[in-house]
>>> print(open('structure.txt').read())   # compact mmCIF, C-alpha atoms (C1' of nucleotides)
# COMPACT_ATOMS: atom_id res chain seq x y z
CA MET A 165 0.00 0.00 0.00
CA SER A 166 2.84 2.35 0.71
CA ALA A 167 3.98 3.53 -2.69
CA ASN A 168 4.63 7.22 -2.83
CA SER A 169 1.34 8.81 -3.83
CA ARG A 170 1.87 12.13 -2.10
CA LEU A 171 2.53 14.00 -5.34
CA THR A 172 -0.51 12.44 -6.99
CA ILE A 173 -2.80 13.35 -4.09
CA ALA A 174 -1.42 16.88 -3.86
CA VAL A 175 -1.96 17.52 -7.57
CA HIS A 176 -5.45 16.02 -7.32
CA ALA A 177 -6.39 18.25 -4.40
CA LEU A 178 -5.10 21.47 -5.96
CA THR A 179 -6.71 20.72 -9.30
CA TRP A 180 -9.98 19.95 -7.58
CA ILE A 181 -9.92 23.26 -5.71
CA GLY A 182 -9.09 25.10 -8.92
CA LEU A 183 -11.98 23.59 -10.84
CA TYR A 184 -14.37 24.13 -7.93
CA GLN A 185 -13.45 27.79 -7.71
CA ARG A 186 -13.72 28.16 -11.46
CA ARG A 187 -17.28 26.94 -11.14
CA GLY A 188 -18.09 29.82 -8.83
CA HIS A 189 -17.54 28.44 -5.33
CA GLU A 190 -15.41 30.35 -2.88
CA VAL A 191 -13.86 27.65 -0.73
CA ALA A 192 -13.47 23.88 -0.85
CA THR A 193 -13.55 21.74 2.27
CA SER A 194 -11.20 18.89 3.06
CA GLU A 195 -14.29 16.71 3.32
CA GLN A 196 -15.24 17.37 -0.32
CA ILE A 197 -11.72 16.87 -1.58
CA ALA A 198 -11.32 13.68 0.44
CA THR A 199 -14.46 12.31 -1.20
CA SER A 200 -13.00 12.85 -4.66
CA VAL A 201 -9.61 11.43 -3.69
CA ASN A 202 -11.27 8.61 -1.75
CA THR A 203 -9.36 9.03 1.47
CA ASN A 204 -9.71 10.56 4.92
CA PRO A 205 -10.12 14.36 5.30
CA VAL A 206 -7.18 14.48 7.71
CA VAL A 207 -4.90 13.16 4.99
CA ILE A 208 -6.02 16.05 2.78
CA ARG A 209 -5.61 18.63 5.52
CA ARG A 210 -2.07 17.44 6.25
CA LEU A 211 -1.03 17.60 2.62
CA LEU A 212 -2.73 20.95 2.01
CA GLY A 213 -0.97 22.25 5.10
CA GLU A 214 2.37 21.56 3.43
CA LEU A 215 1.13 23.20 0.25
CA ARG A 216 0.08 26.22 2.26
CA ASN A 217 3.57 26.43 3.77
CA ALA A 218 4.88 26.50 0.21
CA GLY A 219 2.55 29.34 -0.71
CA LEU A 220 0.35 27.35 -3.06
CA ALA A 221 -2.86 27.15 -1.01
CA ALA A 222 -4.56 29.08 1.76
CA SER A 223 -7.14 28.13 4.37
CA ARG A 224 -9.85 29.93 6.30
CA ARG A 225 -11.13 28.73 9.65
CA GLY A 226 -14.41 29.12 11.45
CA ALA A 227 -17.86 28.66 9.93
CA GLY A 228 -17.85 28.68 6.15
CA ALA A 229 -14.20 27.76 6.23
CA GLY A 230 -12.17 25.83 3.67
CA TRP A 231 -9.36 25.98 1.18
CA THR A 232 -8.48 28.24 -1.72
CA LEU A 233 -5.63 28.45 -4.19
CA SER A 234 -3.01 31.12 -3.54
CA ARG A 235 -1.97 31.18 -7.19
CA ASP A 236 -3.60 30.54 -10.50
CA LEU A 237 -3.56 26.98 -11.82
CA ALA A 238 -1.52 28.11 -14.81
CA SER A 239 1.25 29.48 -12.61
CA ILE A 240 1.73 26.32 -10.54
CA THR A 241 3.98 23.65 -12.05
CA LEU A 242 4.26 20.07 -10.90
CA LEU A 243 7.75 21.00 -9.74
CA ASP A 244 6.25 23.51 -7.31
CA VAL A 245 4.03 20.78 -5.90
CA TYR A 246 6.92 18.29 -5.82
CA ASP A 247 9.10 20.66 -3.84
CA ALA A 248 6.26 21.25 -1.41
CA VAL A 249 5.47 17.63 -0.59
CA GLU A 250 8.54 15.49 -1.40
CA PRO A 251 11.39 16.10 1.01
CA GLY A 252 14.28 13.89 -0.02
CA LEU A 253 16.16 12.70 -3.05
CA ILE A 254 15.07 9.67 -5.04
CA PHE A 255 18.20 7.59 -4.50
CA GLY A 256 20.33 7.44 -1.37
CA LEU A 257 24.01 6.84 -0.80
CA HIS A 258 25.40 4.24 1.61
CA PRO A 259 23.57 3.75 4.92
CA SER A 260 26.95 3.37 6.63
CA VAL A 261 30.12 5.09 5.49
CA PRO A 262 32.02 2.64 3.24
CA ASP A 263 35.58 1.53 3.99
CA PRO A 264 37.86 4.56 3.44
CA GLU A 265 40.88 2.23 3.15
CA CYS A 266 39.40 0.77 -0.04
CA VAL A 267 39.80 2.68 -3.30
CA VAL A 268 36.22 1.99 -4.31
CA GLY A 269 34.83 2.62 -0.85
CA HIS A 270 36.72 5.87 -0.65
CA GLY A 271 35.85 7.25 -4.05
CA ILE A 272 32.38 6.03 -4.93
CA GLY A 273 30.41 8.51 -2.84
CA PRO A 274 31.09 11.67 -4.89
CA VAL A 275 30.76 9.75 -8.16
CA MET A 276 27.30 8.44 -7.34
CA ALA A 277 26.28 11.79 -5.88
CA ALA A 278 27.08 13.39 -9.23
CA VAL A 279 24.98 10.79 -11.03
CA TYR A 280 22.06 11.33 -8.67
CA ASN A 281 22.38 15.07 -9.08
CA GLY A 282 21.98 14.66 -12.82
CA ILE A 283 18.89 12.54 -12.29
CA ASP A 284 17.42 15.10 -9.95
CA ILE A 285 17.90 17.81 -12.56
CA ALA A 286 16.26 15.68 -15.26
CA VAL A 287 13.26 14.92 -13.04
CA ARG A 288 12.86 18.56 -12.10
CA GLU A 289 12.97 19.66 -15.73
CA GLU A 290 10.31 17.12 -16.55
CA LEU A 291 8.07 18.26 -13.69
CA ALA A 292 8.59 21.93 -14.51
CA GLY A 293 7.17 21.38 -17.98
CA THR A 294 3.63 20.72 -16.78
CA THR A 295 1.31 23.15 -14.98
CA LEU A 296 -1.86 22.36 -13.07
CA GLU A 297 -3.69 24.16 -15.87
CA ASP A 298 -2.27 21.54 -18.27
CA VAL A 299 -3.42 18.78 -15.94
CA LEU A 300 -6.94 20.17 -15.69
CA ARG A 301 -7.15 20.71 -19.44
CA ASP A 302 -6.15 17.11 -20.14
CA ILE A 303 -8.64 15.86 -17.56
CA LEU A 304 -11.49 17.81 -19.14
CA LYS A 305 -10.40 16.83 -22.62
CA ALA A 306 -10.67 13.14 -21.78
CA ALA A 307 -14.10 13.49 -20.15
CA MET B 143 17.97 4.92 7.88
CA SER B 144 15.67 3.62 5.19
CA ALA B 145 16.52 5.69 2.14
CA ASN B 146 16.83 3.69 -1.03
CA SER B 147 20.50 2.75 -1.31
CA ARG B 148 20.04 -0.44 -3.28
CA LEU B 149 21.31 1.07 -6.52
CA THR B 150 24.32 2.57 -4.78
CA ILE B 151 25.26 -0.72 -3.12
CA ALA B 152 24.76 -2.70 -6.32
CA VAL B 153 26.99 -0.36 -8.32
CA HIS B 154 29.57 -0.46 -5.53
CA ALA B 155 29.62 -4.25 -5.48
CA LEU B 156 29.91 -4.68 -9.25
CA THR B 157 32.60 -2.04 -9.53
CA TRP B 158 34.52 -3.65 -6.71
CA ILE B 159 34.40 -7.05 -8.40
CA GLY B 160 35.50 -5.50 -11.68
CA LEU B 161 38.51 -3.80 -10.16
CA TYR B 162 39.43 -6.91 -8.17
CA GLN B 163 39.35 -9.05 -11.29
CA ARG B 164 41.33 -6.45 -13.19
CA ARG B 165 44.02 -6.80 -10.55
CA GLY B 166 44.34 -10.49 -11.33
CA HIS B 167 42.02 -12.21 -8.89
CA GLU B 168 39.54 -14.77 -10.12
CA VAL B 169 36.62 -14.43 -7.73
CA ALA B 170 35.49 -11.99 -5.07
CA THR B 171 33.68 -13.11 -1.92
CA SER B 172 30.65 -11.46 -0.40
CA GLU B 173 32.73 -11.08 2.76
CA GLN B 174 35.30 -8.93 0.97
CA ILE B 175 32.69 -6.82 -0.78
CA ALA B 176 30.74 -6.36 2.45
CA THR B 177 33.89 -5.03 4.12
CA SER B 178 34.26 -2.36 1.44
CA VAL B 179 30.56 -1.46 1.50
CA ASN B 180 30.52 -1.65 5.32
CA THR B 181 27.53 -3.92 5.65
CA ASN B 182 26.64 -7.56 6.23
CA PRO B 183 27.69 -10.23 3.69
CA VAL B 184 24.11 -11.45 3.42
CA VAL B 185 23.03 -8.04 2.17
CA ILE B 186 25.62 -8.34 -0.60
CA ARG B 187 24.65 -11.89 -1.49
CA ARG B 188 20.99 -10.91 -1.76
CA LEU B 189 21.72 -7.99 -4.05
CA LEU B 190 24.23 -9.92 -6.16
CA GLY B 191 21.64 -12.66 -6.48
CA GLU B 192 19.31 -10.20 -8.19
CA LEU B 193 22.17 -9.03 -10.40
CA ARG B 194 22.88 -12.63 -11.32
CA ASN B 195 19.24 -13.10 -12.30
CA ALA B 196 19.67 -10.11 -14.59
CA GLY B 197 22.75 -11.65 -16.19
CA LEU B 198 25.23 -9.14 -14.79
CA ALA B 199 27.06 -11.34 -12.29
CA ALA B 200 27.78 -15.02 -11.73
CA SER B 201 28.63 -17.05 -8.66
CA ARG B 202 30.53 -20.23 -7.93
CA ARG B 203 29.83 -22.38 -4.88
CA GLY B 204 31.95 -24.74 -2.89
CA ALA B 205 35.50 -24.12 -1.73
CA GLY B 206 37.25 -21.23 -3.47
CA ALA B 207 33.84 -19.91 -4.37
CA GLY B 208 32.79 -16.32 -5.00
CA TRP B 209 31.50 -13.84 -7.52
CA THR B 210 32.53 -12.77 -11.00
CA LEU B 211 31.19 -10.32 -13.57
CA SER B 212 29.23 -11.81 -16.46
CA ARG B 213 29.93 -8.80 -18.65
CA ASP B 214 32.67 -6.26 -19.00
CA LEU B 215 32.38 -3.12 -16.89
CA ALA B 216 32.18 -1.03 -20.05
CA SER B 217 29.11 -2.89 -21.28
CA ILE B 218 27.08 -2.47 -18.10
CA THR B 219 25.17 0.79 -17.72
CA LEU B 220 23.62 2.11 -14.56
CA LEU B 221 20.27 1.47 -16.26
CA ASP B 222 21.09 -2.25 -16.40
CA VAL B 223 21.78 -2.20 -12.66
CA TYR B 224 18.68 -0.11 -11.97
CA ASP B 225 16.45 -2.55 -13.82
CA ALA B 226 17.98 -5.41 -11.90
CA VAL B 227 17.48 -4.07 -8.39
CA GLU B 228 14.70 -1.47 -8.47
CA PRO B 229 11.30 -3.03 -9.06
CA GLY B 230 8.72 -0.25 -9.10
CA LEU B 231 8.16 3.24 -10.42
CA ILE B 232 9.29 6.32 -8.54
CA PHE B 233 5.86 7.85 -8.06
CA GLY B 234 2.62 6.02 -7.40
CA LEU B 235 -0.99 6.78 -8.27
CA HIS B 236 -3.84 6.79 -5.76
CA PRO B 237 -3.80 4.10 -3.01
CA SER B 238 -7.57 3.78 -3.42
CA VAL B 239 -9.44 4.36 -6.66
CA PRO B 240 -10.68 7.98 -6.65
CA ASP B 241 -14.35 8.87 -7.03
CA PRO B 242 -15.40 7.99 -10.60
CA GLU B 243 -18.42 10.30 -10.29
CA CYS B 244 -16.12 13.28 -10.00
CA VAL B 245 -14.59 14.73 -13.17
CA VAL B 246 -11.20 15.11 -11.54
CA GLY B 247 -11.33 11.77 -9.79
CA HIS B 248 -12.34 10.10 -13.01
CA GLY B 249 -9.76 11.70 -15.29
CA ILE B 250 -6.65 12.31 -13.24
CA GLY B 251 -5.27 8.78 -13.31
CA PRO B 252 -4.25 8.62 -16.99
CA VAL B 253 -2.99 12.21 -16.91
CA MET B 254 -0.64 11.57 -14.00
CA ALA B 255 0.38 8.22 -15.46
CA ALA B 256 1.50 10.04 -18.60
CA VAL B 257 3.52 12.49 -16.53
CA TYR B 258 5.17 9.67 -14.58
CA ASN B 259 5.92 7.84 -17.78
CA GLY B 260 7.79 10.87 -19.05
CA ILE B 261 9.77 11.04 -15.81
CA ASP B 262 10.62 7.36 -16.05
CA ILE B 263 11.96 7.86 -19.57
CA ALA B 264 14.07 10.82 -18.46
CA VAL B 265 15.54 8.90 -15.53
CA ARG B 266 16.32 5.91 -17.70
CA GLU B 267 18.07 8.07 -20.28
CA GLU B 268 20.15 9.61 -17.55
CA LEU B 269 21.10 6.21 -16.12
CA ALA B 270 21.85 4.77 -19.56
CA GLY B 271 24.49 7.44 -20.13
CA THR B 272 26.89 6.10 -17.51
CA THR B 273 28.67 2.74 -17.54
CA LEU B 274 30.41 1.01 -14.66
CA GLU B 275 33.63 1.66 -16.55
CA ASP B 276 32.86 5.38 -16.29
CA VAL B 277 32.21 4.98 -12.57
CA LEU B 278 35.49 3.14 -11.99
CA ARG B 279 37.43 5.66 -14.07
CA ASP B 280 36.04 8.57 -12.05
CA ILE B 281 36.80 6.77 -8.81
CA LEU B 282 40.42 6.15 -9.80
CA LYS B 283 40.78 9.67 -11.15
CA ALA B 284 39.80 11.16 -7.81
CA ALA B 285 42.15 8.92 -5.82
C1' DC C 267 36.27 -35.83 4.17
C1' DT C 268 37.13 -31.06 5.33
C1' DA C 269 36.88 -26.35 4.82
C1' DG C 270 35.07 -22.34 2.98
C1' DT C 271 31.50 -19.95 0.59
C1' DT C 272 27.07 -19.44 -1.48
C1' DG C 273 21.95 -19.86 -0.89
C1' DT C 274 18.21 -18.87 1.88
C1' DA C 275 14.97 -18.72 5.60
C1' DA C 276 13.65 -16.28 9.61
C1' DC C 277 13.48 -12.54 12.50
C1' DA C 278 14.20 -7.70 14.61
C1' DG C 279 14.63 -2.69 14.12
C1' DT C 280 13.84 1.50 11.68
C1' DT C 281 11.52 4.54 8.73
C1' DA C 282 7.76 6.19 6.02
C1' DA C 283 3.05 6.38 4.09
C1' DT C 284 -1.58 5.95 5.03
C1' DG C 285 -5.71 5.83 7.58
C1' DT C 286 -8.50 6.73 11.71
C1' DT C 287 -10.31 8.76 16.05
C1' DA C 288 -10.66 12.40 19.03
C1' DC C 289 -10.19 16.72 20.52
C1' DT C 290 -9.07 21.82 20.42
C1' DT C 291 -9.28 26.22 18.01
C1' DC C 292 -11.42 29.51 15.45
C1' DA C 293 -14.68 32.64 12.89
C1' DT C 294 -19.06 33.30 10.87
C1' DG C 295 -24.10 33.76 11.11
C1' DG C 296 -28.08 33.91 13.71
C1' DC D 124 -23.47 35.82 22.81
C1' DC D 125 -23.69 31.38 21.24
C1' DA D 126 -24.15 27.51 18.14
C1' DT D 127 -22.23 25.52 14.17
C1' DG D 128 -19.00 23.79 11.05
C1' DA D 129 -14.53 23.30 9.57
C1' DA D 130 -9.47 23.68 10.16
C1' DG D 131 -5.52 22.30 13.12
C1' DT D 132 -3.29 18.74 15.35
C1' DA D 133 -2.00 15.03 18.42
C1' DA D 134 -2.03 10.19 18.95
C1' DC D 135 -2.23 5.71 17.49
C1' DA D 136 -2.64 1.41 14.35
C1' DT D 137 -1.51 -0.77 10.10
C1' DT D 138 1.17 -1.85 6.28
C1' DA D 139 5.27 -2.05 3.63
C1' DA D 140 10.08 -1.69 2.50
C1' DC D 141 14.96 -1.52 3.60
C1' DT D 142 18.57 -2.92 6.33
C1' DG D 143 20.94 -5.82 9.36
C1' DT D 144 21.68 -10.19 11.75
C1' DT D 145 21.78 -15.15 12.99
C1' DA D 146 21.51 -19.72 11.68
C1' DC D 147 21.88 -23.41 8.88
C1' DA D 148 21.63 -26.23 4.57
C1' DA D 149 23.87 -26.99 0.01
C1' DC D 150 27.68 -27.41 -2.51
C1' DT D 151 32.50 -28.08 -4.44
C1' DA D 152 37.63 -27.75 -4.72
C1' DG D 153 41.40 -29.86 -2.72
>>> encode(input="structure.txt", output="structure tokens")
Amino acid sequence: MSANSRLTIAVHALTWIGLYQRRGHEVATSEQIATSVNTNPVVIRRLLGELRNAGLAASRRGAGAGWTLSRDLASITLLDVYDAVEPGLIFGLHPSVPDPECVVGHGIGPVMAAVYNGIDIAVREELAGTTLEDVLRDILKAA
Amino acid sequence: MSANSRLTIAVHALTWIGLYQRRGHEVATSEQIATSVNTNPVVIRRLLGELRNAGLAASRRGAGAGWTLSRDLASITLLDVYDAVEPGLIFGLHPSVPDPECVVGHGIGPVMAAVYNGIDIAVREELAGTTLEDVLRDILKAA
DNA sequence: CTAGTTGTAACAGTTAATGTTACTTCATGG
DNA sequence: CCATGAAGTAACATTAACTGTTACAACTAG
């Protein structure tokens, strides 16, 4: 069950809010979003909290409370969402420091770090090429 | 502790075997490799077992047993290693099927799958551009 | 036959994602 | 002023994966 669906859920939630607002509603509740995502409202509130920290969403409390977008769908890329909800790198180096007496153990760290840096750049470029507006357009096109 | 270091360890092990053979030894033991990686020999045997299934390494049993490369370092790319030891995709879709009555819930799956497919291609291209020979050369260059 | 190494099962510890319950905090509308 | 509804958040259970470890069976060169 534990594949990494945080990016998927975050994109889903933001896109849902964007469409809901575009249809004339002011705020979306975590309950409504959770119904569409098919999960628990607390899961949505936690994720949207991270997106709010990143400046992508905003929340109002009290009666008539809920969530809004802080930016237009067209100005939010998947890279923005990725940075907001995915903390670490994709690949990790050694759990324990390898043997520094060994040539390979001594030198492999920086070499692999350079490779992983290149991968990170490639992934980020790929994510930066799609906005939430693109996502919503493709969703509506398929409907 | 649980970042994904399987690719790092696998590359380390194969490169170590390659250098060891290049220095005139026939076989490398999981004990020796584990010392360089700074982990338990069973961890190495498990990973090398997957690499053997992928046709990258071979093992001999009995006395004087150990591991050898099935292919030259220059013919093994990081993508070959990645395919051998990393089963799934980087990002996952929804844990539970989203609401099919909702436009977003109904249409977001294929859209995100297309995005993730593009990322997978980019990562694979990046990994395919480096061979274990490149890795060993960079390690020796830095020494 | 012995010794050394692989092959593998079994288990513990750690981390992370996900889901759930329960409660507090807050602001709006009556 | 108060009742209501929703966010904020703590706490916990479950599941899964990675890593590490012990133990032992299987195997083969000498």
>>> residues_around(input="structure.txt", residues="segment 190-195 of chain B", least_positions_apart="3", cutoff="12 Å", atoms="all atoms listed in the file", output="PyMOL selection string")
(chain B and resi 148-149+151-157+159+170-172+175-176+183-187+198-202+208-213+218+220+222-229) or (chain C and resi 272-274)
>>> residues_near_point(input="structure.txt", point="(1.7, 7.1, 5.2)", cutoff="12 Å", atoms="all atoms listed in the file", output="PDB file with C-alpha atoms (C1' of nucleotides), in the frame of the given file")
ATOM      1  CA  MET A 165       0.000   0.000   0.000  1.00  0.00           C
ATOM      2  CA  SER A 166       2.840   2.350   0.710  1.00  0.00           C
ATOM      3  CA  ALA A 167       3.980   3.530  -2.690  1.00  0.00           C
ATOM      4  CA  ASN A 168       4.630   7.220  -2.830  1.00  0.00           C
ATOM      5  CA  SER A 169       1.340   8.810  -3.830  1.00  0.00           C
ATOM      6  CA  ARG A 170       1.870  12.130  -2.100  1.00  0.00           C
ATOM      7  CA  THR A 203      -9.360   9.030   1.470  1.00  0.00           C
ATOM      8  CA  ASN A 204      -9.710  10.560   4.920  1.00  0.00           C
ATOM      9  CA  VAL A 206      -7.180  14.480   7.710  1.00  0.00           C
ATOM     10  CA  VAL A 207      -4.900  13.160   4.990  1.00  0.00           C
ATOM     11  CA  ARG A 210      -2.070  17.440   6.250  1.00  0.00           C
ATOM     12  CA  LEU A 211      -1.030  17.600   2.620  1.00  0.00           C
TER      13      LEU A 211
ATOM     14  CA  PRO B 237      -3.800   4.100  -3.010  1.00  0.00           C
TER      15      PRO B 237
ATOM     16  C1'  DT C 281      11.520   4.540   8.730  1.00  0.00           C
ATOM     17  C1'  DA C 282       7.760   6.190   6.020  1.00  0.00           C
ATOM     18  C1'  DA C 283       3.050   6.380   4.090  1.00  0.00           C
ATOM     19  C1'  DT C 284      -1.580   5.950   5.030  1.00  0.00           C
ATOM     20  C1'  DG C 285      -5.710   5.830   7.580  1.00  0.00           C
TER      21       DG C 285
ATOM     22  C1'  DA D 136      -2.640   1.410  14.350  1.00  0.00           C
ATOM     23  C1'  DT D 137      -1.510  -0.770  10.100  1.00  0.00           C
ATOM     24  C1'  DT D 138       1.170  -1.850   6.280  1.00  0.00           C
ATOM     25  C1'  DA D 139       5.270  -2.050   3.630  1.00  0.00           C
TER      26       DA D 139
END
>>> closest_atom_pairs(input="structure.txt", of="chain A", to="chain B", cutoff="8 Å", atoms="all atoms listed in the file", output="JSON lines")
{"residue": "A:Met165", "atom": "CA", "partner": "B:Pro237", "partner_atom": "CA", "distance": 6.3}
{"residue": "A:Ser166", "atom": "CA", "partner": "B:Pro237", "partner_atom": "CA", "distance": 7.8}
{"residue": "A:Ala167", "atom": "CA", "partner": "B:Gly234", "partner_atom": "CA", "distance": 5.5}
{"residue": "A:Asn168", "atom": "CA", "partner": "B:Gly234", "partner_atom": "CA", "distance": 5.1}
{"residue": "A:Ser169", "atom": "CA", "partner": "B:Gly234", "partner_atom": "CA", "distance": 4.7}
{"residue": "A:Leu171", "atom": "CA", "partner": "B:Phe233", "partner_atom": "CA", "distance": 7.5}
{"residue": "A:Thr172", "atom": "CA", "partner": "B:Leu235", "partner_atom": "CA", "distance": 5.8}
{"residue": "A:Ile173", "atom": "CA", "partner": "B:His236", "partner_atom": "CA", "distance": 6.8}
{"residue": "A:His176", "atom": "CA", "partner": "B:Ile250", "partner_atom": "CA", "distance": 7.1}
{"residue": "A:Thr179", "atom": "CA", "partner": "B:Val246", "partner_atom": "CA", "distance": 7.5}
{"residue": "A:Trp180", "atom": "CA", "partner": "B:Val246", "partner_atom": "CA", "distance": 6.4}
{"residue": "A:Thr199", "atom": "CA", "partner": "B:Asp241", "partner_atom": "CA", "distance": 6.8}
{"residue": "A:Ser200", "atom": "CA", "partner": "B:Asp241", "partner_atom": "CA", "distance": 4.8}
{"residue": "A:Val201", "atom": "CA", "partner": "B:Pro240", "partner_atom": "CA", "distance": 4.7}
{"residue": "A:Asn202", "atom": "CA", "partner": "B:Pro240", "partner_atom": "CA", "distance": 5.0}
{"residue": "A:Thr203", "atom": "CA", "partner": "B:Ser238", "partner_atom": "CA", "distance": 7.4}
{"residue": "A:Ile254", "atom": "CA", "partner": "B:Asn146", "partner_atom": "CA", "distance": 7.4}
{"residue": "A:Phe255", "atom": "CA", "partner": "B:Asn146", "partner_atom": "CA", "distance": 5.4}
{"residue": "A:Gly256", "atom": "CA", "partner": "B:Ser147", "partner_atom": "CA", "distance": 4.7}
{"residue": "A:Leu257", "atom": "CA", "partner": "B:Ser147", "partner_atom": "CA", "distance": 5.4}
{"residue": "A:His258", "atom": "CA", "partner": "B:Ser147", "partner_atom": "CA", "distance": 5.9}
{"residue": "A:Pro259", "atom": "CA", "partner": "B:Met143", "partner_atom": "CA", "distance": 6.4}
{"residue": "A:Ser260", "atom": "CA", "partner": "B:Asn180", "partner_atom": "CA", "distance": 6.3}
{"residue": "A:Val261", "atom": "CA", "partner": "B:Asn180", "partner_atom": "CA", "distance": 6.8}
{"residue": "A:Pro262", "atom": "CA", "partner": "B:Val179", "partner_atom": "CA", "distance": 4.7}
{"residue": "A:Asp263", "atom": "CA", "partner": "B:Ser178", "partner_atom": "CA", "distance": 4.8}
{"residue": "A:Cys266", "atom": "CA", "partner": "B:Ser178", "partner_atom": "CA", "distance": 6.2}
{"residue": "A:Val267", "atom": "CA", "partner": "B:Ala285", "partner_atom": "CA", "distance": 7.1}
{"residue": "A:Val268", "atom": "CA", "partner": "B:Trp158", "partner_atom": "CA", "distance": 6.4}
{"residue": "A:Gly269", "atom": "CA", "partner": "B:Ser178", "partner_atom": "CA", "distance": 5.5}
{"residue": "A:Gly271", "atom": "CA", "partner": "B:Ile281", "partner_atom": "CA", "distance": 4.9}
{"residue": "A:Ile272", "atom": "CA", "partner": "B:Ile281", "partner_atom": "CA", "distance": 5.9}
{"residue": "A:Val275", "atom": "CA", "partner": "B:Val277", "partner_atom": "CA", "distance": 6.7}
{"residue": "A:Met276", "atom": "CA", "partner": "B:Thr150", "partner_atom": "CA", "distance": 7.1}
{"residue": "A:Val279", "atom": "CA", "partner": "B:Leu269", "partner_atom": "CA", "distance": 7.9}
{"residue": "A:Gly282", "atom": "CA", "partner": "B:Glu268", "partner_atom": "CA", "distance": 7.2}
{"residue": "A:Ile283", "atom": "CA", "partner": "B:Val265", "partner_atom": "CA", "distance": 5.9}
{"residue": "A:Ala286", "atom": "CA", "partner": "B:Ala264", "partner_atom": "CA", "distance": 6.2}
{"residue": "A:Val287", "atom": "CA", "partner": "B:Ile261", "partner_atom": "CA", "distance": 5.9}
{"residue": "A:Glu290", "atom": "CA", "partner": "B:Ile261", "partner_atom": "CA", "distance": 6.1}
{"residue": "A:Leu291", "atom": "CA", "partner": "B:Ile261", "partner_atom": "CA", "distance": 7.7}
{"residue": "A:Val299", "atom": "CA", "partner": "B:Val253", "partner_atom": "CA", "distance": 6.7}
{"residue": "A:Leu300", "atom": "CA", "partner": "B:Val246", "partner_atom": "CA", "distance": 7.8}
{"residue": "A:Asp302", "atom": "CA", "partner": "B:Val253", "partner_atom": "CA", "distance": 6.7}
{"residue": "A:Ile303", "atom": "CA", "partner": "B:Gly249", "partner_atom": "CA", "distance": 4.9}
{"residue": "A:Leu304", "atom": "CA", "partner": "B:Val245", "partner_atom": "CA", "distance": 7.4}
{"residue": "A:Ala306", "atom": "CA", "partner": "B:Gly249", "partner_atom": "CA", "distance": 6.7}
{"residue": "A:Ala307", "atom": "CA", "partner": "B:Gly249", "partner_atom": "CA", "distance": 6.8}
>>> interface_residues(input="structure.txt", of="chain D", to="chain B", cutoff="6 Å", atoms="only C-alpha atoms (C1' of nucleotides)", output="ChimeraX atom specification")
/D:141,150-152
>>> closest_atom_pairs(input="structure.txt", of="chain C", to="chain A", cutoff="6 Å", atoms="only C-alpha atoms (C1' of nucleotides)", output="tab-separated table")
residue	atom	partner	partner_atom	distance
C:DA283	C1'	A:Ser166	CA	5.3
C:DC292	C1'	A:Gly226	CA	5.0
C:DA293	C1'	A:Gly226	CA	3.8
C:DT294	C1'	A:Ala227	CA	4.9
>>> atom_distance(input="structure.txt", atom1="atom CA of Thr219 of chain B", atom2="atom CA of Leu274 of chain B")
6.1 Å
>>> atom_distance(input="structure.txt", atom1="atom CA of Glu173 of chain B", atom2="atom CA of Ala216 of chain B")
24.9 Å
>>> atom_distance(input="structure.txt", atom1="atom C1' of DA130 of chain D", atom2="atom CA of Gly188 of chain A")
21.7 Å
>>> residues_around(input="structure.txt", residues="DA133 of chain D", least_positions_apart="5", cutoff="12 Å", atoms="only C-alpha atoms (C1' of nucleotides)", output="list of chain:residue names")
A:Val206, C:DT287, C:DA288, C:DC289, C:DT290
>>> decode(input="structure.txt", residues="segment 130-145 of chain D", atoms="C-alpha atoms (C1' of nucleotides)", output="short mmCIF file (atom, residue, chain, number, x, y, z; two decimals), in the first residue's frame")
data_model
loop_
_atom_site.label_atom_id
_atom_site.label_comp_id
_atom_site.auth_asym_id
_atom_site.auth_seq_id
_atom_site.Cartn_x
_atom_site.Cartn_y
_atom_site.Cartn_z
"C1'" DA D 130 -9.47 23.68 10.16
"C1'" DG D 131 -5.52 22.30 13.12
"C1'" DT D 132 -3.29 18.74 15.35
"C1'" DA D 133 -2.00 15.03 18.42
"C1'" DA D 134 -2.03 10.19 18.95
"C1'" DC D 135 -2.23 5.71 17.49
"C1'" DA D 136 -2.64 1.41 14.35
"C1'" DT D 137 -1.51 -0.77 10.10
"C1'" DT D 138 1.17 -1.85 6.28
"C1'" DA D 139 5.27 -2.05 3.63
"C1'" DA D 140 10.08 -1.69 2.50
"C1'" DC D 141 14.96 -1.52 3.60
"C1'" DT D 142 18.57 -2.92 6.33
"C1'" DG D 143 20.94 -5.82 9.36
"C1'" DT D 144 21.68 -10.19 11.75
"C1'" DT D 145 21.78 -15.15 12.99
#
